[in-house]
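Undergrad: Structure file data00.cif, mmCIF, C-alpha atoms, is pasted below:
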data_entry
#
loop_
_atom_site.label_atom_id
_atom_site.label_comp_id
_atom_site.auth_asym_id
_atom_site.auth_seq_id
_atom_site.Cartn_x
_atom_site.Cartn_y
_atom_site.Cartn_z
CA MET Z 1 -108.08 196.81 63.62
CA ASP Z 2 -107.38 193.51 65.33
CA LEU Z 3 -104.32 191.54 64.24
CA TRP Z 4 -106.32 188.35 63.65
CA LEU Z 5 -108.42 190.22 61.10
CA LEU Z 6 -105.28 191.44 59.30
CA TRP Z 7 -103.95 187.87 59.15
CA LEU Z 8 -107.31 186.72 57.82
CA ILE Z 9 -107.19 189.37 55.08
CA VAL Z 10 -103.63 188.33 54.20
CA ALA Z 11 -104.78 184.70 54.01
CA ALA Z 12 -107.66 185.63 51.69
CA VAL Z 13 -105.46 187.75 49.42
CA LEU Z 14 -102.89 184.93 49.16
CA ALA Z 15 -105.64 182.39 48.43
CA VAL Z 16 -107.04 184.54 45.61
CA ALA Z 17 -103.52 185.06 44.23
CA GLU Z 18 -103.01 181.27 44.31
CA ILE Z 19 -106.11 180.80 42.17
CA PHE Z 20 -104.53 182.93 39.45
CA THR Z 21 -100.97 181.56 39.67
CA LEU Z 22 -101.53 177.85 40.47
CA THR Z 23 -98.05 177.46 41.94
CA ALA Z 24 -99.19 175.97 45.28
CA ALA Z 25 -96.67 178.24 47.06
CA LEU Z 26 -99.11 181.08 47.69
CA GLY Z 27 -101.70 178.56 48.84
CA MET Z 28 -99.28 177.26 51.46
CA LEU Z 29 -98.56 180.81 52.62
CA SER Z 30 -102.32 181.39 52.79
CA VAL Z 31 -102.67 178.38 55.07
CA ALA Z 32 -99.86 179.71 57.27
CA ALA Z 33 -101.60 183.10 57.49
CA LEU Z 34 -104.87 181.38 58.39
CA VAL Z 35 -103.21 179.39 61.19
CA THR Z 36 -101.57 182.60 62.40
CA ALA Z 37 -104.97 184.35 62.38
CA VAL Z 38 -106.26 181.64 64.72
CA GLY Z 39 -103.22 182.17 66.96
CA ALA Z 40 -103.81 185.93 66.96
CA ALA Z 41 -107.49 185.41 67.81
CA ILE Z 42 -106.60 183.42 70.92
CA GLY Z 43 -104.26 186.18 72.05
CA LEU Z 44 -100.71 185.34 70.97
CA PRO Z 45 -98.44 188.40 71.00
CA LEU Z 46 -97.08 189.67 67.67
CA PRO Z 47 -93.59 188.09 67.94
CA PHE Z 48 -95.16 184.67 68.48
CA GLN Z 49 -97.59 185.27 65.63
CA LEU Z 50 -94.64 185.93 63.31
CA LEU Z 51 -92.95 182.79 64.62
CA VAL Z 52 -96.09 180.73 64.00
CA PHE Z 53 -96.36 182.13 60.47
CA ALA Z 54 -92.70 181.36 59.73
CA VAL Z 55 -92.86 177.81 61.11
CA VAL Z 56 -96.12 176.87 59.39
CA ALA Z 57 -95.02 178.45 56.10
CA THR Z 58 -91.70 176.59 56.22
CA ILE Z 59 -93.33 173.25 57.01
CA THR Z 60 -95.99 173.58 54.31
CA LEU Z 61 -93.55 174.83 51.66
CA LEU Z 62 -90.98 172.12 52.38
CA PHE Z 63 -93.25 169.12 52.92
CA VAL Z 64 -96.80 169.70 51.68
CA ARG Z 65 -96.11 171.67 48.46
CA PRO Z 66 -93.87 169.00 46.87
CA LEU Z 67 -96.59 166.40 47.46
CA ALA Z 68 -99.23 168.65 45.92
CA VAL Z 69 -97.08 169.49 42.89
CA ARG Z 70 -96.20 165.81 42.34
CA HIS Z 71 -99.89 164.91 42.49
CA VAL Z 72 -100.87 167.59 39.96
CA LEU Z 73 -98.08 166.69 37.51
CA GLN Z 74 -98.91 162.96 37.37
CA PRO Z 75 -100.01 161.82 33.92
CA GLN Z 76 -103.57 160.69 33.49
CA ALA Z 77 -103.63 157.02 34.46
CA THR Z 78 -106.46 155.80 32.25
CA ARG Z 79 -107.95 157.00 29.02
CA PHE Z 80 -111.72 157.22 28.76
CA GLY Z 81 -114.36 158.16 26.23
CA ILE Z 82 -113.35 158.08 22.59
CA ASP Z 83 -109.67 158.35 23.55
CA ALA Z 84 -109.92 154.84 25.00
CA LEU Z 85 -110.88 153.45 21.56
CA ILE Z 86 -107.64 154.53 19.89
CA GLY Z 87 -105.40 151.50 19.42
CA ARG Z 88 -108.26 149.02 19.78
CA ALA Z 89 -109.06 146.32 17.29
CA ALA Z 90 -112.15 146.70 15.12
CA TYR Z 91 -113.99 144.31 12.80
CA VAL Z 92 -114.89 145.57 9.32
CA VAL Z 93 -118.64 145.20 8.77
CA SER Z 94 -118.84 146.82 5.33
CA GLU Z 95 -116.03 147.72 2.96
CA VAL Z 96 -113.89 150.59 4.28
CA SER Z 97 -112.16 153.00 1.92
CA GLY Z 98 -111.04 156.60 1.99
CA LEU Z 99 -114.68 157.59 1.40
CA GLY Z 100 -116.43 155.54 4.07
CA GLY Z 101 -117.44 152.19 5.49
CA ARG Z 102 -118.56 150.57 8.76
CA VAL Z 103 -116.63 148.86 11.56
CA ARG Z 104 -117.60 147.27 14.86
CA ILE Z 105 -115.61 148.44 17.89
CA ASP Z 106 -116.42 146.70 21.18
CA GLY Z 107 -119.88 145.74 19.94
CA GLU Z 108 -120.79 149.18 18.58
CA GLU Z 109 -120.94 150.05 14.91
CA TRP Z 110 -119.04 153.12 13.79
CA THR Z 111 -118.68 154.88 10.49
CA ALA Z 112 -115.14 154.42 9.33
CA ARG Z 113 -112.60 155.58 6.79
CA ALA Z 114 -109.26 154.10 5.85
CA TYR Z 115 -106.40 156.03 7.45
CA ASP Z 116 -104.52 155.57 4.19
CA GLU Z 117 -107.03 156.87 1.64
CA THR Z 118 -105.64 154.61 -1.11
CA LEU Z 119 -106.57 151.41 0.78
CA VAL Z 120 -109.77 149.45 0.40
CA ILE Z 121 -110.39 147.09 3.31
CA PRO Z 122 -112.85 144.23 2.64
CA PRO Z 123 -115.51 143.07 5.14
CA GLY Z 124 -114.34 140.53 7.71
CA LYS Z 125 -110.86 142.00 8.19
CA THR Z 126 -109.49 143.11 11.55
CA VAL Z 127 -108.22 146.68 11.69
CA ASP Z 128 -106.70 148.97 14.30
CA VAL Z 129 -108.34 152.25 15.24
CA VAL Z 130 -105.75 154.96 14.59
CA GLU Z 131 -107.83 158.10 15.19
CA ILE Z 132 -111.39 159.16 15.90
CA SER Z 133 -112.82 162.36 14.50
CA GLY Z 134 -116.39 163.09 15.50
CA THR Z 135 -118.25 159.84 14.87
CA THR Z 136 -115.82 158.49 12.29
CA ALA Z 137 -113.09 156.01 13.12
CA PHE Z 138 -109.97 156.12 10.98
CA VAL Z 139 -108.63 152.58 10.71
CA TYR Z 140 -105.63 150.74 9.30
CA PRO Z 141 -105.48 147.01 8.50
CA ARG Z 142 -103.56 144.76 10.89
CA ASP Z 143 -102.06 142.56 8.15
#
Since I need it in another form, could you write the structure as structure tokens?
TA:
Amino acid sequence: MDLWLLWLIVAAVLAVAEIFTLTAALGMLSVAALVTAVGAAIGLPLPFQLLVFAVVATITLLFVRPLAVRHVLQPQATRFGIDALIGRAAYVVSEVSGLGGRVRIDGEEWTARAYDETLVIPPGKTVDVVEISGTTAFVYPRD
């Protein structure tokens, strides 16, 4: 069996292992094996293949992996969907209590309940959206 094919198999095995571990280290080693497979295909002798593997693996593990890990671990920059509504101001359209009511959030009417079930919030008040569950906004008065 040709050496380039062995390096290609090693690269594939490392890539599959990376999918299951998500550490980015095995992915970098897979890239090094792939580059070494190209070197073996053009006729590099085995000692140089091992050198190519070691150099590429070292470079990717020391420089590329930290960038990839930092990128993956960054917190989500913006909230979207219903998560973006939490903390927004809403206008009470019909009386809101622990049982129900209606509020307007960014021009859309939502069913609402008071976050504190003992409160009754009259129409016309401004409230904050504390939580959203399904299609119901749980609100608390600003005052």
Undergrad: Range 75-84 of chain Z: which residues within 10 Å, counting all atoms listed in the file, same-chain residues fewer than 5 positions away excluded, as a count of residues only?
TA: 6
Undergrad: So, with only C-alpha atoms as the atoms that count, which of Z:Gln49, Z:Thr126, Z:Gln74, Z:Thr136 lies closest to Gly98 in chain Z?
TA: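 Distance minimum relative to Gly98 in chain Z lands on Z:Thr136.
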Undergrad: Report, in Å to a single decimal, how far apart CA of Pro141 in chain Z and CA of Arg113 in chain Z are.
TA: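 Straight-line distance from CA of Arg113 in chain Z to CA of Pro141 in chain Z works out to 11.3 Å.
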Undergrad: List the spatial neighbours of Ile105 in chain Z as a ChimeraX atom specification - criterion: any atom at most 8 Å away, all atoms listed in the file, same-chain residues fewer than 6 positions off excluded.
TA: /Z:85,88-91
Undergrad: When you draw a straight line from CA of Trp110 in chain Z to CA of Gly87 in chain Z, how long is it in Å?
TA: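 Interatomic distance here is 14.8 Å.
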Undergrad: To test your reading of the syntax: which residues would the PyMOL selection byres ((chain Z and resi 15-25) around 10) return for the file shown? Reply as a list in words.
TA: Ile9, Val10, Ala11, Ala12, Val13, Leu14, Leu26, Gly27, Met28, Leu29, Ser30, Val31, Ala33, Ala57, Thr60, Leu61, Leu62, Val64, Arg65, Pro66, Ala68 and Val69 of chain Z
Undergrad: As JSON, please: the centre and edge lengths in Å, to one decimal, of an axis-aligned box enclosing every listed atom of range 105-111 of chain Z with 3 Å added on each side.
TA:
{"center_x": -118.3, "center_y": 150.3, "center_z": 15.8, "size_x": 11.3, "size_y": 15.1, "size_z": 16.7}
Undergrad: Translate the PyMOL selection byres ((chain Z and resi 115) around 12) into a concrete residue list for this structure, as an MDAnalysis selection string.
TA: chainID Z and resid 96:101 112:114 116:121 127:133 136:141
Undergrad: Between CA of Ala37 in chain Z and CA of Phe53 in chain Z, measure the distance and give it in Å to one decimal.
TA: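 Spanning CA of Ala37 in chain Z to CA of Phe53 in chain Z is a straight-line distance of 9.1 Å.
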Undergrad: Can you list what the PyMOL selection byres ((chain Z and resi 92) around 6) grabs from this structure, as a list in words?
TA: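 Written out, the selection comes to Tyr91, Val93, Ser94, Val103, Pro123, Gly124 and Lys125 of chain Z.
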Undergrad: I'd like the contact shell of Ala40 in chain Z - 9 Å cut-off, all atoms listed in the file, skipping same-chain residues fewer than 4 positions apart - returned as a PDB file with C-alpha atoms, keeping the file's coordinate frame.
TA:
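File produced: part.pdb:
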ATOM      1  CA  ASP Z   2    -107.380 193.510  65.330  1.00  0.00           C
ATOM      2  CA  LEU Z   3    -104.320 191.540  64.240  1.00  0.00           C
ATOM      3  CA  TRP Z   4    -106.320 188.350  63.650  1.00  0.00           C
ATOM      4  CA  LEU Z   5    -108.420 190.220  61.100  1.00  0.00           C
ATOM      5  CA  TRP Z   7    -103.950 187.870  59.150  1.00  0.00           C
ATOM      6  CA  VAL Z  35    -103.210 179.390  61.190  1.00  0.00           C
ATOM      7  CA  THR Z  36    -101.570 182.600  62.400  1.00  0.00           C
ATOM      8  CA  LEU Z  44    -100.710 185.340  70.970  1.00  0.00           C
ATOM      9  CA  PRO Z  45     -98.440 188.400  71.000  1.00  0.00           C
ATOM     10  CA  LEU Z  46     -97.080 189.670  67.670  1.00  0.00           C
ATOM     11  CA  PHE Z  48     -95.160 184.670  68.480  1.00  0.00           C
ATOM     12  CA  GLN Z  49     -97.590 185.270  65.630  1.00  0.00           C
TER      13      GLN Z  49
END
Undergrad: Counting all atoms listed in the file, figure out which residue out of Z:Leu8, Z:Ala54, Z:Arg102, Z:Val72 gets nearest to Leu34 in chain Z.
TA: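 Of the candidates, the smallest distance to Leu34 in chain Z is held by Z:Leu8.
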